[in-house]
Every structure is written in C-alpha cells, then in structure tokens.
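Visitor: Dropping the structure in here first, questions after.
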Amino acid sequence: MQKNKIYIFILLIALGVSSCSEYQKVLNKGTVESQYQMATKLYETQKYNKAIQLFEKITPSYRGKPQMERIQYMIAQAHYNTKQYTLAAYYFDKFVKNYPKSSKIEESAYLSAHSYYLSSPIFSLDQKDTYEAITALQNFIFKYPNSPNIANANKYVKELTHKLEKKSFEIAKQYYLTTDYIAAIVAFDNLLSDYLGTSFKEEALYFKFKSAYELAINSFYTKKEERLNQAIKIHERFKKSFSNSEYLKETTKLVSNLTEELNSLIALKTQTNGL
C-alpha cells in the first residue's frame with residue numbers, strides 16, 4: 001500500500017515535470033498555431049497566468065485576424081480571474097473599443113467597470129481609480145439601461161461616491177483637528193457643495209460651526225464682529241437642517257457664548273464711539 005502511494009506520487013511529479021517542459025517547449029520554440037492552441041487549453045483549464053504569457057506572445061501574429069477577438073477577450077478574462085484588476089480594466093476597455101459589434105460587448109463593458117471598482121483603494125489613498133470606476137459604471141448604466149447588471153452597477157456607484165465623500169469629510173475634519181479653521185470651513189463647504197445629500201451633512205455642518213466658533217472667539221478685534229455673526233449664521237443653518245441633532249445641546253451653549261461675546265463687543269464699540 002505504501003509502495004503504491006510512492007509510485008503515484010512519483011508519477012504525479014513526472015507528469016508535472018513533463019507538462020512544465022512541454023509548456024516551456026511550446027512557449028520558446030513552438031509554432032504560433034501550437035502556442036495559440038496551448039494558450040486556449042490553459043485558459044479553459046483555468047491556468048490563467050501561463051495562458052497570459054502565451055497570449056501575449058502570439059498577439060502580434062494574430063493582429064487583424066479573426067482569432068484576435070477571442071484572444072483579446074481571453075486575455076482580459078484571464079487578468080480578471082487572477083485579480084489583476086487594473087490590467088483587466090485596460091484589456092476589457094481595449095476589447096470594447098476594438099470590437100463594438102461583438103456579442104460579448106455588454107459583458108466586457110460591465111467587467112471593465114467592475115474591474116475599476118475592484119481596483120478602487122481605501123478612502124485614505126489616492127482616489128484616481130475610484131473616479132475612473134464611477135465614470136465607467138455611469139457610462140455602462142447609460143449605455144445598457146436594461147442590463148441585468150444595472151442594480152449592481154448602481155450599488156457600486158453609490159458605494160464609491162460614499163468613499164469619496166468620506167475622504168473629503170476626513171480631510172476637512174483634519175483641518176479642524178489641527179486648528180486650521182479657515183481651511184476647515186472651506187473644505188466642509190466644498191464637501192457640501194460637491195456631494196448634495198451626503199450622509200456626512202450633519203457632521204459636516206457641526207464641525208463647520210465648531211470651526212467658525214473657534215475662529216470667531218479667537219479672532220483679532222478688527223475681524224471679530226464679522227466672524228461672530230458668521231458663526232451664528234452657520235449655526236442657524238445647522239439647527240434648521242437638523243432640528244433633532246444630538247449636537248444641538250452642545251452647540252446651543254456655544255451660540256450663547258457667541259451672542260454674549262458679540263453683545264460685549266457692540267457695547268464696547270458704542271462706549272468707545274461715545275467717548
């Protein structure tokens with residue numbers, strides 16, 4: 001029994017070595033036709049990385065020929081199936097542009113958009129791929145409104161947009177935490193104007209008010225009255241938009257401080273002008 005296991009193990013190794021040497025032989029010295037056949041076989045047996053090597057090698061020889069449509073599709077799918085999503089998006093895009101009449105055009109357009117989506121990084125990193133993913137998904141939604149993938153495409157757009165909103169919010173909040181209140185107010189305004197209806201609106205208005213409060217309270221005399229009034233106006237908008245906010249208890253007290261400071265400032269000005 002033990003001997004049989006050893007024989008089977010040796011046989012498997014021999015087959016593996018034989019298969020590997022056959023692959024290397026075809027890759028390095030095989031005809032274009034034999035490379036194409038082996039690449040297709042490897043693709044169909046899900047040995048995608050080896051298939052990609054062969055497909056890339058034969059691409060120049062098949063450019064402009066009927067087989068090229070199938071080759072380009074398999075290259076894109078192979079990259080997608082090996083989670084090389086940036087390359088998959090590139091090759092699916094290329095397929096869509098080169099074969100607009102293909103029966104696989106809708107599928108390829110969706111997989112291109114999905115590849116961009118899958119390559120989108122966490123919110124704290126550069127979001128170039130996220131913007132590309134949103135554009136690709138929106139183009140797909142516009143072009144194929146009846147596709148069975150529409151629901152997923154819309155879900156991905158919403159998810160990616162939320163990621164951009166979160167990045168914008170965290171940048172603005174960081175300005176607040178580092179006491180750069182002017183930059184914080186501008187950043188929160190940009191968030192609110194760029195993403196109408198954002199789920200971060202309540203927190204954005206809250207921190208915008210807190211930034212305006214700190215800026216006003218600590219301002220020089222020449223700018224203080226203007227900034228006190230501006231902070232009070234920001235709070236009015238916040239209160240109007242979120243009348244049941246959990247932050248109102250805190251912010252109402254801060255507004256009282258602003259009003260008291262403003263009244264003192266006006267009284268001081270009146271007294272000074274009277275003199």
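Residues are named by chain letter and number: chains run A, B, ... in the order of the structure tokens, numbers start at 1 in each chain, and ligands are numbered from 1 in the order shown.
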Quick one: residues within 10 Å of Lys143 in chain A, only C-alpha atoms, excluding same-chain residues fewer than 6 positions away - as a count of residues only?
Guide: 3
Visitor: With distances taken over only C-alpha atoms, which residue among A:Leu205, A:Ile266, A:Ala76, A:Ala216 lies nearest Ser245 in chain A?
Guide: A:Leu205
Visitor: What parts of range 46-248 of chain A does DSSP call helix (DSSP H, G or I)? I'd like the answer as a ChimeraX atom specification.
Guide: /A:48-62,67-81,85-98,105-119,128-143,150-177,181-194,201-217,221-241,248
Visitor: To one decimal in Å, tell me the separation between CA of Val157 in chain A and CA of Glu170 in chain A.
Guide: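 We find that CA of Val157 in chain A and CA of Glu170 in chain A lie 19.9 Å from each other.
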Visitor: Just how far from CA of Tyr116 in chain A is CA of Ala89 in chain A, in Å to one decimal?
Guide: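 Between CA of Ala89 in chain A and CA of Tyr116 in chain A the gap is 6.0 Å.
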Visitor: Considering only C-alpha atoms, can you say which of A:Thr40, A:Ala204, A:Ile150, A:Lys158 comes closest to Ala172 in chain A?
Guide: A:Ala204
Visitor: For Tyr156 in chain A, find every residue with an atom within 10 Å (counting only C-alpha atoms), except residues of its own chain fewer than 5 positions away, and show them as a list in words.
Guide: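 That gives Ala113, His114, Tyr117, Leu118, Ala133, Ile134, Leu137, Gln138, Ile150, Ala151, Thr161 and His162 of chain A.
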Visitor: Can I get the selected residues back with N, CA and C atoms, as a PDB file, in the first residue's frame?
Guide:
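Output (selection_2.pdb):
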ATOM      1  N   ALA A 113     -15.889  48.040 -16.067  1.00  0.00           N
ATOM      2  CA  ALA A 113     -16.329  48.909 -14.970  1.00  0.00           C
ATOM      3  C   ALA A 113     -16.140  48.221 -13.618  1.00  0.00           C
ATOM      4  N   HIS A 114     -16.466  46.941 -13.565  1.00  0.00           N
ATOM      5  CA  HIS A 114     -16.323  46.193 -12.306  1.00  0.00           C
ATOM      6  C   HIS A 114     -14.857  46.058 -11.910  1.00  0.00           C
ATOM      7  N   TYR A 117     -13.868  49.186 -10.342  1.00  0.00           N
ATOM      8  CA  TYR A 117     -14.455  49.196  -8.994  1.00  0.00           C
ATOM      9  C   TYR A 117     -13.604  48.380  -8.023  1.00  0.00           C
ATOM     10  N   LEU A 118     -13.194  47.199  -8.448  1.00  0.00           N
ATOM     11  CA  LEU A 118     -12.414  46.307  -7.583  1.00  0.00           C
ATOM     12  C   LEU A 118     -11.007  46.829  -7.326  1.00  0.00           C
ATOM     13  N   ALA A 133     -13.598  54.431 -11.950  1.00  0.00           N
ATOM     14  CA  ALA A 133     -14.635  53.409 -11.753  1.00  0.00           C
ATOM     15  C   ALA A 133     -16.025  54.023 -11.847  1.00  0.00           C
ATOM     16  N   ILE A 134     -16.223  55.164 -11.218  1.00  0.00           N
ATOM     17  CA  ILE A 134     -17.536  55.822 -11.259  1.00  0.00           C
ATOM     18  C   ILE A 134     -17.895  56.201 -12.684  1.00  0.00           C
ATOM     19  N   LEU A 137     -18.742  53.007 -14.655  1.00  0.00           N
ATOM     20  CA  LEU A 137     -20.039  52.469 -14.238  1.00  0.00           C
ATOM     21  C   LEU A 137     -21.193  53.326 -14.743  1.00  0.00           C
ATOM     22  N   GLN A 138     -21.038  54.641 -14.679  1.00  0.00           N
ATOM     23  CA  GLN A 138     -22.086  55.541 -15.168  1.00  0.00           C
ATOM     24  C   GLN A 138     -22.264  55.417 -16.679  1.00  0.00           C
ATOM     25  N   ILE A 150     -27.471  46.177 -13.997  1.00  0.00           N
ATOM     26  CA  ILE A 150     -27.747  47.574 -13.641  1.00  0.00           C
ATOM     27  C   ILE A 150     -27.832  47.780 -12.126  1.00  0.00           C
ATOM     28  N   ALA A 151     -28.514  46.888 -11.432  1.00  0.00           N
ATOM     29  CA  ALA A 151     -28.662  47.027  -9.980  1.00  0.00           C
ATOM     30  C   ALA A 151     -27.302  47.045  -9.298  1.00  0.00           C
ATOM     31  N   THR A 161     -19.102  56.604  -4.424  1.00  0.00           N
ATOM     32  CA  THR A 161     -19.363  58.010  -4.118  1.00  0.00           C
ATOM     33  C   THR A 161     -19.257  58.254  -2.621  1.00  0.00           C
ATOM     34  N   HIS A 162     -19.770  57.316  -1.839  1.00  0.00           N
ATOM     35  CA  HIS A 162     -19.662  57.429  -0.381  1.00  0.00           C
ATOM     36  C   HIS A 162     -18.192  57.446   0.047  1.00  0.00           C
TER      37      HIS A 162
END
Visitor: I'd like the contact shell of range 68-73 of chain A - 7 Å cut-off, only C-alpha atoms, skipping same-chain residues fewer than 5 positions apart - returned as a ChimeraX atom specification.
Guide: /A:55,62-63,95
Visitor: Those same residues - N, CA and C atoms - I'd like them written as a short mmCIF file (atom, residue, chain, number, x, y, z; two decimals), in the first residue's frame.
Guide:
data_model
loop_
_atom_site.label_atom_id
_atom_site.label_comp_id
_atom_site.auth_asym_id
_atom_site.auth_seq_id
_atom_site.Cartn_x
_atom_site.Cartn_y
_atom_site.Cartn_z
N PHE A 55 -0.58 34.07 -24.74
CA PHE A 55 -1.42 35.00 -25.48
C PHE A 55 -0.65 36.27 -25.83
N TYR A 62 -1.39 37.52 -34.57
CA TYR A 62 -2.82 37.40 -34.87
C TYR A 62 -3.52 38.76 -35.02
N ARG A 63 -2.75 39.84 -34.89
CA ARG A 63 -3.36 41.17 -35.01
C ARG A 63 -4.00 41.32 -36.40
N PHE A 95 -10.91 45.80 -25.62
CA PHE A 95 -11.81 44.90 -26.34
C PHE A 95 -13.06 45.65 -26.80
#
Visitor: Which residues, written as a list in words, have at least one atom at most 12 Å from Thr252 in chain A, with only C-alpha atoms counted and residues fewer than 5 positions away on the same chain left out?
Guide: Tyr206, Phe209, Lys210, Tyr213, Ala231, Ile232, His235, Glu236, Phe238, Lys239, Ser243, Ser245, Glu246, Tyr247, Asn257, Leu258 and Thr259 of chain A
Visitor: Those same residues - C-alpha atoms - I'd like them written as a CSV table (one decimal), in the first residue's frame.
Guide:
chain,number,residue,atom,x,y,z
A,206,TYR,CA,-21.5,70.6,13.1
A,209,PHE,CA,-19.9,75.6,13.0
A,210,LYS,CA,-17.2,74.5,15.6
A,213,TYR,CA,-16.8,79.3,16.6
A,231,ALA,CA,-20.6,81.6,13.2
A,232,ILE,CA,-24.1,82.4,14.5
A,235,HIS,CA,-25.4,77.5,13.5
A,236,GLU,CA,-28.8,78.7,12.3
A,238,PHE,CA,-27.3,73.7,11.2
A,239,LYS,CA,-30.3,74.0,13.5
A,243,SER,CA,-33.6,70.3,14.4
A,245,SER,CA,-29.5,66.7,16.2
A,246,GLU,CA,-27.7,65.2,19.2
A,247,TYR,CA,-25.2,68.0,18.8
A,257,ASN,CA,-21.1,82.3,24.2
A,258,LEU,CA,-21.0,83.9,20.7
A,259,THR,CA,-24.0,86.1,21.4
